[in-house]
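Undergrad: Dumping the structure here so I can ask a few things about it.
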There are 2 protein chains.
Amino acid sequence: MPKIDLDSIEQTNRTGYPPPFDAPVAGRWQRPLAAPSGLTDFGVRQVTLKPGAWSSQRHWHDGEDEFLVMVAGEAVLVEDEGRTLLRAGDCAAWPKGTGNGHHLINESAADCVFVVVGGGICTGGGYSDIDMLFTAEGKYTRKDGTPYDAVRR
Amino acid sequence: MPKIDLDSIEQTNRTGYPPPFDAPVAGRWQRPLAAPSGLTDFGVRQVTLKPGAWSSQRHWHDGEDEFLVMVAGEAVLVEDEGRTLLRAGDCAAWPKGTGNGHHLINESAADCVFVVVGGGICTGGGYSDIDMLFTAEGKYTRKDGTPYDAVRR
């Protein structure tokens with residue numbers, strides 16, 4: 001049945017970020033939804049942020065559009081322009097290649113849950129607040145191109 | 001700001017379905033979210049179903065994956081296998097080309113809201129319960145190929 005049995009898909013808080021950039025996402029628990037459902041035209045993840053957790057380092061994608069809908073709880077969206085509270089039902093969209101990084105921080109005392117969709121082709125991207133880029137090949141480097149000992153997941 | 005100002009995007013209950021197939025979707029109010037936000041890698045709509053409304057005639061896509069997350073309220077998903085209740089937070093996925101039609105019916109007394117994502121390329125598709133197909137060119141025909149006087153929207 002196309003209703004997705006969410007509990008049957010493992011949640012993980014795994015990240016490929018090199019330390020110390022991994023610490024803020026330790027409370028990000030996510031499960032893939034597209035591949036387990038047979039979808040190939042775009043990617044989808046369900047993400048739960050524990051109180052205090054970040055969705056990611058503040059980042060953008062050079063070649064992939066992103067869309068998010070908040071499903072439960074609330075989180076603060078941080079971008080170059082500032083902070084915006086997202087509550088259940090709120091939606092956000094990040095066209096590829098803006099260079100304006102974004103991430104969500106759960107500043108509440110309860111879990112929040114969102115669904116995020118990604119499309120396009122990974123051609124790399126960057127991080128707004130730290131000395132890191134990601135490449136089309138799934139590697140992390142400093143902005144001068146020297147690699148981190150880490151693999152993007 | 002990438003938080004989408006939902007109220008700024010017009011909701012419409014327009015449909016291209018020829019009569020009498022248009023009547024069940026008269027209470028389906030939707031707004032596009034991708035194009036107004038500058039997203040091009042996939043399509044996204046926010047859909048509100050009034051009590052009694054259908055999301056569509058029961059259909060499938062030959063060339064486009066679909067994904068749905070229920071945001072508020074509840075609706076019944078109908079497919080070849082039967083009926084499944086979808087509540088806020090539930091997700092459903094329909095890989096392209098299954099020939100197993102799906103739609104949602106709001107059998108509750110309150111509005112329900114969901115977000116639906118579509119990707120891939122429109123190569124046509126079909127309807128499970130009525131004598132209709134849709135074509136890659138955006139036309140509606142009977143299953144014998146004779147056209148309806150209607151344009152798919």
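Labeling convention for the structure tokens: chains A, B, ... as they appear, residues from 1 per chain, ligands from 1 in order of appearance.
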Give me, as a PDB file with N, CA and C atoms, in the first residue's frame, the residues of chain B touching chain A, with the criterion being at most 9 Å (counting only C-alpha atoms).

TA:
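What ended up in selection08.pdb:
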ATOM      1  N   MET B   1      12.281  36.011   1.744  1.00  0.00           N
ATOM      2  CA  MET B   1      12.584  34.926   2.698  1.00  0.00           C
ATOM      3  C   MET B   1      11.980  33.627   2.177  1.00  0.00           C
ATOM      4  N   PRO B   2      12.714  32.551   2.235  1.00  0.00           N
ATOM      5  CA  PRO B   2      12.181  31.287   1.719  1.00  0.00           C
ATOM      6  C   PRO B   2      11.017  30.670   2.476  1.00  0.00           C
ATOM      7  N   LYS B   3      10.647  31.190   3.666  1.00  0.00           N
ATOM      8  CA  LYS B   3       9.352  30.750   4.194  1.00  0.00           C
ATOM      9  C   LYS B   3       8.305  31.245   3.213  1.00  0.00           C
ATOM     10  N   ILE B   4       7.460  30.356   2.747  1.00  0.00           N
ATOM     11  CA  ILE B   4       6.493  30.718   1.722  1.00  0.00           C
ATOM     12  C   ILE B   4       5.314  31.441   2.367  1.00  0.00           C
ATOM     13  N   ASP B   5       4.977  32.581   1.812  1.00  0.00           N
ATOM     14  CA  ASP B   5       3.801  33.331   2.273  1.00  0.00           C
ATOM     15  C   ASP B   5       2.584  32.716   1.592  1.00  0.00           C
ATOM     16  N   LEU B   6       2.035  31.683   2.243  1.00  0.00           N
ATOM     17  CA  LEU B   6       0.969  30.899   1.604  1.00  0.00           C
ATOM     18  C   LEU B   6      -0.219  31.778   1.221  1.00  0.00           C
ATOM     19  N   LEU B  33       3.094  25.785  -5.226  1.00  0.00           N
ATOM     20  CA  LEU B  33       4.143  26.280  -4.333  1.00  0.00           C
ATOM     21  C   LEU B  33       5.510  26.330  -5.012  1.00  0.00           C
ATOM     22  N   ALA B  34       5.739  25.528  -6.030  1.00  0.00           N
ATOM     23  CA  ALA B  34       7.085  25.465  -6.614  1.00  0.00           C
ATOM     24  C   ALA B  34       7.375  26.708  -7.462  1.00  0.00           C
ATOM     25  N   SER B  37       7.909  30.002  -5.875  1.00  0.00           N
ATOM     26  CA  SER B  37       9.085  30.036  -5.010  1.00  0.00           C
ATOM     27  C   SER B  37      10.384  29.910  -5.788  1.00  0.00           C
ATOM     28  N   GLY B  38      10.294  29.779  -7.109  1.00  0.00           N
ATOM     29  CA  GLY B  38      11.493  29.673  -7.927  1.00  0.00           C
ATOM     30  C   GLY B  38      12.055  28.271  -8.038  1.00  0.00           C
ATOM     31  N   LEU B  39      11.253  27.260  -7.663  1.00  0.00           N
ATOM     32  CA  LEU B  39      11.711  25.866  -7.776  1.00  0.00           C
ATOM     33  C   LEU B  39      11.333  25.308  -9.141  1.00  0.00           C
ATOM     34  N   THR B  40      12.275  24.592  -9.756  1.00  0.00           N
ATOM     35  CA  THR B  40      12.024  24.020 -11.083  1.00  0.00           C
ATOM     36  C   THR B  40      12.286  22.513 -11.145  1.00  0.00           C
ATOM     37  N   ASP B  41      12.893  21.940 -10.103  1.00  0.00           N
ATOM     38  CA  ASP B  41      13.283  20.527 -10.190  1.00  0.00           C
ATOM     39  C   ASP B  41      12.131  19.567  -9.926  1.00  0.00           C
ATOM     40  N   PHE B  42      11.053  20.067  -9.323  1.00  0.00           N
ATOM     41  CA  PHE B  42       9.870  19.239  -9.063  1.00  0.00           C
ATOM     42  C   PHE B  42       8.698  20.183  -8.851  1.00  0.00           C
ATOM     43  N   VAL B  44       5.186  21.212  -6.604  1.00  0.00           N
ATOM     44  CA  VAL B  44       4.606  21.081  -5.263  1.00  0.00           C
ATOM     45  C   VAL B  44       3.294  21.857  -5.231  1.00  0.00           C
ATOM     46  N   GLU B  64       5.504  10.068 -13.934  1.00  0.00           N
ATOM     47  CA  GLU B  64       5.802  10.992 -12.844  1.00  0.00           C
ATOM     48  C   GLU B  64       5.585  10.329 -11.489  1.00  0.00           C
ATOM     49  N   ASP B  65       6.601  10.361 -10.647  1.00  0.00           N
ATOM     50  CA  ASP B  65       6.442   9.931  -9.260  1.00  0.00           C
ATOM     51  C   ASP B  65       5.646  10.977  -8.489  1.00  0.00           C
ATOM     52  N   GLU B  66       4.885  10.511  -7.502  1.00  0.00           N
ATOM     53  CA  GLU B  66       4.135  11.416  -6.626  1.00  0.00           C
ATOM     54  C   GLU B  66       4.395  11.063  -5.167  1.00  0.00           C
ATOM     55  N   PHE B  67       4.401  12.090  -4.335  1.00  0.00           N
ATOM     56  CA  PHE B  67       4.577  11.915  -2.886  1.00  0.00           C
ATOM     57  C   PHE B  67       3.637  12.875  -2.173  1.00  0.00           C
ATOM     58  N   VAL B  69       2.285  14.289   1.842  1.00  0.00           N
ATOM     59  CA  VAL B  69       2.305  14.285   3.309  1.00  0.00           C
ATOM     60  C   VAL B  69       1.068  15.028   3.802  1.00  0.00           C
ATOM     61  N   MET B  70       0.332  14.374   4.697  1.00  0.00           N
ATOM     62  CA  MET B  70      -0.859  14.992   5.281  1.00  0.00           C
ATOM     63  C   MET B  70      -0.404  15.964   6.362  1.00  0.00           C
ATOM     64  N   VAL B  71      -0.918  17.163   6.304  1.00  0.00           N
ATOM     65  CA  VAL B  71      -0.467  18.220   7.210  1.00  0.00           C
ATOM     66  C   VAL B  71      -1.494  18.485   8.316  1.00  0.00           C
ATOM     67  N   ALA B  72      -2.773  18.410   7.988  1.00  0.00           N
ATOM     68  CA  ALA B  72      -3.812  18.682   8.985  1.00  0.00           C
ATOM     69  C   ALA B  72      -5.074  17.937   8.582  1.00  0.00           C
ATOM     70  N   LEU B  77      -7.498   7.442   1.699  1.00  0.00           N
ATOM     71  CA  LEU B  77      -6.807   7.101   0.462  1.00  0.00           C
ATOM     72  C   LEU B  77      -7.473   5.859  -0.133  1.00  0.00           C
ATOM     73  N   GLU B  79      -7.323   3.060  -3.225  1.00  0.00           N
ATOM     74  CA  GLU B  79      -6.507   2.421  -4.263  1.00  0.00           C
ATOM     75  C   GLU B  79      -7.132   1.086  -4.616  1.00  0.00           C
ATOM     76  N   GLU B  81      -6.266  -1.739  -3.736  1.00  0.00           N
ATOM     77  CA  GLU B  81      -6.287  -2.654  -2.592  1.00  0.00           C
ATOM     78  C   GLU B  81      -7.335  -2.279  -1.563  1.00  0.00           C
ATOM     79  N   GLY B  82      -7.872  -1.052  -1.639  1.00  0.00           N
ATOM     80  CA  GLY B  82      -8.876  -0.660  -0.668  1.00  0.00           C
ATOM     81  C   GLY B  82      -8.628   0.716  -0.096  1.00  0.00           C
ATOM     82  N   THR B  84      -7.438   3.437   3.060  1.00  0.00           N
ATOM     83  CA  THR B  84      -6.471   3.649   4.137  1.00  0.00           C
ATOM     84  C   THR B  84      -6.663   5.059   4.658  1.00  0.00           C
ATOM     85  N   LEU B  85      -6.847   5.200   5.969  1.00  0.00           N
ATOM     86  CA  LEU B  85      -7.001   6.529   6.545  1.00  0.00           C
ATOM     87  C   LEU B  85      -5.635   7.200   6.674  1.00  0.00           C
ATOM     88  N   LEU B  86      -5.546   8.431   6.216  1.00  0.00           N
ATOM     89  CA  LEU B  86      -4.326   9.230   6.350  1.00  0.00           C
ATOM     90  C   LEU B  86      -4.592  10.386   7.303  1.00  0.00           C
ATOM     91  N   ALA B  88      -2.659  13.558   9.953  1.00  0.00           N
ATOM     92  CA  ALA B  88      -1.521  14.489   9.941  1.00  0.00           C
ATOM     93  C   ALA B  88      -0.224  13.757  10.277  1.00  0.00           C
ATOM     94  N   GLY B  89       0.760  13.952   9.453  1.00  0.00           N
ATOM     95  CA  GLY B  89       2.051  13.293   9.616  1.00  0.00           C
ATOM     96  C   GLY B  89       2.213  12.064   8.755  1.00  0.00           C
ATOM     97  N   ASP B  90       1.097  11.481   8.299  1.00  0.00           N
ATOM     98  CA  ASP B  90       1.188  10.305   7.433  1.00  0.00           C
ATOM     99  C   ASP B  90       1.689  10.708   6.049  1.00  0.00           C
ATOM    100  N   CYS B  91       2.414   9.795   5.430  1.00  0.00           N
ATOM    101  CA  CYS B  91       2.989  10.023   4.108  1.00  0.00           C
ATOM    102  C   CYS B  91       2.576   8.894   3.170  1.00  0.00           C
ATOM    103  N   ALA B  92       2.488   9.203   1.887  1.00  0.00           N
ATOM    104  CA  ALA B  92       2.174   8.192   0.882  1.00  0.00           C
ATOM    105  C   ALA B  92       3.015   8.469  -0.352  1.00  0.00           C
ATOM    106  N   ALA B  93       3.349   7.411  -1.077  1.00  0.00           N
ATOM    107  CA  ALA B  93       4.207   7.535  -2.256  1.00  0.00           C
ATOM    108  C   ALA B  93       3.627   6.685  -3.374  1.00  0.00           C
ATOM    109  N   TRP B  94       3.605   7.241  -4.578  1.00  0.00           N
ATOM    110  CA  TRP B  94       3.091   6.542  -5.737  1.00  0.00           C
ATOM    111  C   TRP B  94       4.119   6.576  -6.852  1.00  0.00           C
ATOM    112  N   PRO B  95       4.887   5.500  -6.971  1.00  0.00           N
ATOM    113  CA  PRO B  95       5.831   5.450  -8.100  1.00  0.00           C
ATOM    114  C   PRO B  95       5.072   5.502  -9.418  1.00  0.00           C
ATOM    115  N   LYS B  96       5.709   6.087 -10.395  1.00  0.00           N
ATOM    116  CA  LYS B  96       5.116   6.203 -11.734  1.00  0.00           C
ATOM    117  C   LYS B  96       4.805   4.826 -12.332  1.00  0.00           C
ATOM    118  N   VAL B 113      -5.713  19.229   4.972  1.00  0.00           N
ATOM    119  CA  VAL B 113      -4.673  19.902   4.184  1.00  0.00           C
ATOM    120  C   VAL B 113      -3.531  18.921   3.960  1.00  0.00           C
ATOM    121  N   PHE B 114      -3.079  18.839   2.726  1.00  0.00           N
ATOM    122  CA  PHE B 114      -1.884  18.041   2.452  1.00  0.00           C
ATOM    123  C   PHE B 114      -1.002  18.778   1.459  1.00  0.00           C
ATOM    124  N   VAL B 115       0.251  18.331   1.397  1.00  0.00           N
ATOM    125  CA  VAL B 115       1.215  18.830   0.413  1.00  0.00           C
ATOM    126  C   VAL B 115       1.575  17.658  -0.487  1.00  0.00           C
ATOM    127  N   VAL B 117       3.892  16.373  -3.940  1.00  0.00           N
ATOM    128  CA  VAL B 117       5.061  16.645  -4.772  1.00  0.00           C
ATOM    129  C   VAL B 117       5.006  15.738  -5.992  1.00  0.00           C
ATOM    130  N   GLY B 118       5.362  16.285  -7.143  1.00  0.00           N
ATOM    131  CA  GLY B 118       5.427  15.481  -8.367  1.00  0.00           C
ATOM    132  C   GLY B 118       6.725  15.736  -9.103  1.00  0.00           C
ATOM    133  N   GLY B 119       7.304  14.669  -9.650  1.00  0.00           N
ATOM    134  CA  GLY B 119       8.532  14.827 -10.424  1.00  0.00           C
ATOM    135  C   GLY B 119       8.444  14.059 -11.719  1.00  0.00           C
ATOM    136  N   GLY B 120       9.515  14.063 -12.477  1.00  0.00           N
ATOM    137  CA  GLY B 120       9.542  13.300 -13.711  1.00  0.00           C
ATOM    138  C   GLY B 120       8.951  14.067 -14.878  1.00  0.00           C
TER     139      GLY B 120
END

Undergrad: Can you check which residues of stretch 46-153 of chain B DSSP gives as strand (DSSP E or B) on the backbone and send them as a ChimeraX atom specification?

TA: /B:46-49,54,59-61,66-72,74-79,82-87,91-94,102-105,112-118,125-127,133-134,139-141,147-151

Undergrad: Using only C-alpha atoms, which of the listed residues (B:Asp62, B:Asp129, B:Asp111, B:Glu74) sits closest to B:Gly97?

TA: B:Asp62

Undergrad: What is the atom CA of B:Thr135 to atom CA of B:Gly27 distance in Å?

TA: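 Taking atom CA of B:Thr135 and atom CA of B:Gly27, their separation equals 24.8 Å.
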
Undergrad: Which neighbours of B:Tyr148 fall inside 9 Å, counting only C-alpha atoms, when residues of the same chain fewer than 2 positions from it are skipped, and could you give them as number ranges by chain?

TA: B: 18, 132, 139-142, 146, 150-151

Undergrad: Could you tell me which of B:Ala75, B:Pro19, B:Leu133, B:Lys143 comes closest to B:His61 if we count only C-alpha atoms?

TA: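 Among B:Ala75, B:Pro19, B:Leu133, B:Lys143, it is B:Leu133 that comes nearest to B:His61.
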
Undergrad: Identify, with DSSP run on backbone atoms, the residues in chain A assigned to alpha helix (DSSP H), and express the list as an MDAnalysis selection string.

TA: chainID A and resid 34:37

Undergrad: For those residues, write all heavy atoms to a file as a JSON list (two decimals), in the first residue's frame.

TA:
[["chain", "number", "residue", "atom", "x", "y", "z"],
["A", 34, "ALA", "N", 11.99, 8.23, -0.11],
["A", 34, "ALA", "CA", 11.82, 8.03, -1.55],
["A", 34, "ALA", "C", 12.26, 6.62, -1.97],
["A", 34, "ALA", "O", 11.45, 5.83, -2.47],
["A", 34, "ALA", "CB", 12.59, 9.09, -2.33],
["A", 35, "ALA", "N", 13.52, 6.30, -1.75],
["A", 35, "ALA", "CA", 14.02, 5.00, -2.22],
["A", 35, "ALA", "C", 13.23, 3.83, -1.64],
["A", 35, "ALA", "O", 12.85, 2.91, -2.39],
["A", 35, "ALA", "CB", 15.51, 4.87, -1.92],
["A", 36, "PRO", "N", 12.91, 3.82, -0.34],
["A", 36, "PRO", "CA", 12.14, 2.69, 0.20],
["A", 36, "PRO", "C", 10.74, 2.57, -0.40],
["A", 36, "PRO", "O", 10.10, 1.53, -0.29],
["A", 36, "PRO", "CB", 12.06, 3.00, 1.70],
["A", 36, "PRO", "CG", 13.20, 3.90, 1.98],
["A", 36, "PRO", "CD", 13.36, 4.73, 0.74],
["A", 37, "SER", "N", 10.27, 3.66, -1.03],
["A", 37, "SER", "CA", 8.94, 3.67, -1.63],
["A", 37, "SER", "C", 8.97, 3.50, -3.14],
["A", 37, "SER", "O", 7.92, 3.53, -3.78],
["A", 37, "SER", "CB", 8.23, 5.00, -1.30],
["A", 37, "SER", "OG", 8.22, 5.24, 0.09]]

Undergrad: List the spatial neighbours of A:Thr15 as a ChimeraX atom specification - criterion: any atom at most 12 Å away, only C-alpha atoms, same-chain residues fewer than 4 positions off excluded.

TA: /A:19-30,54-57,150-153
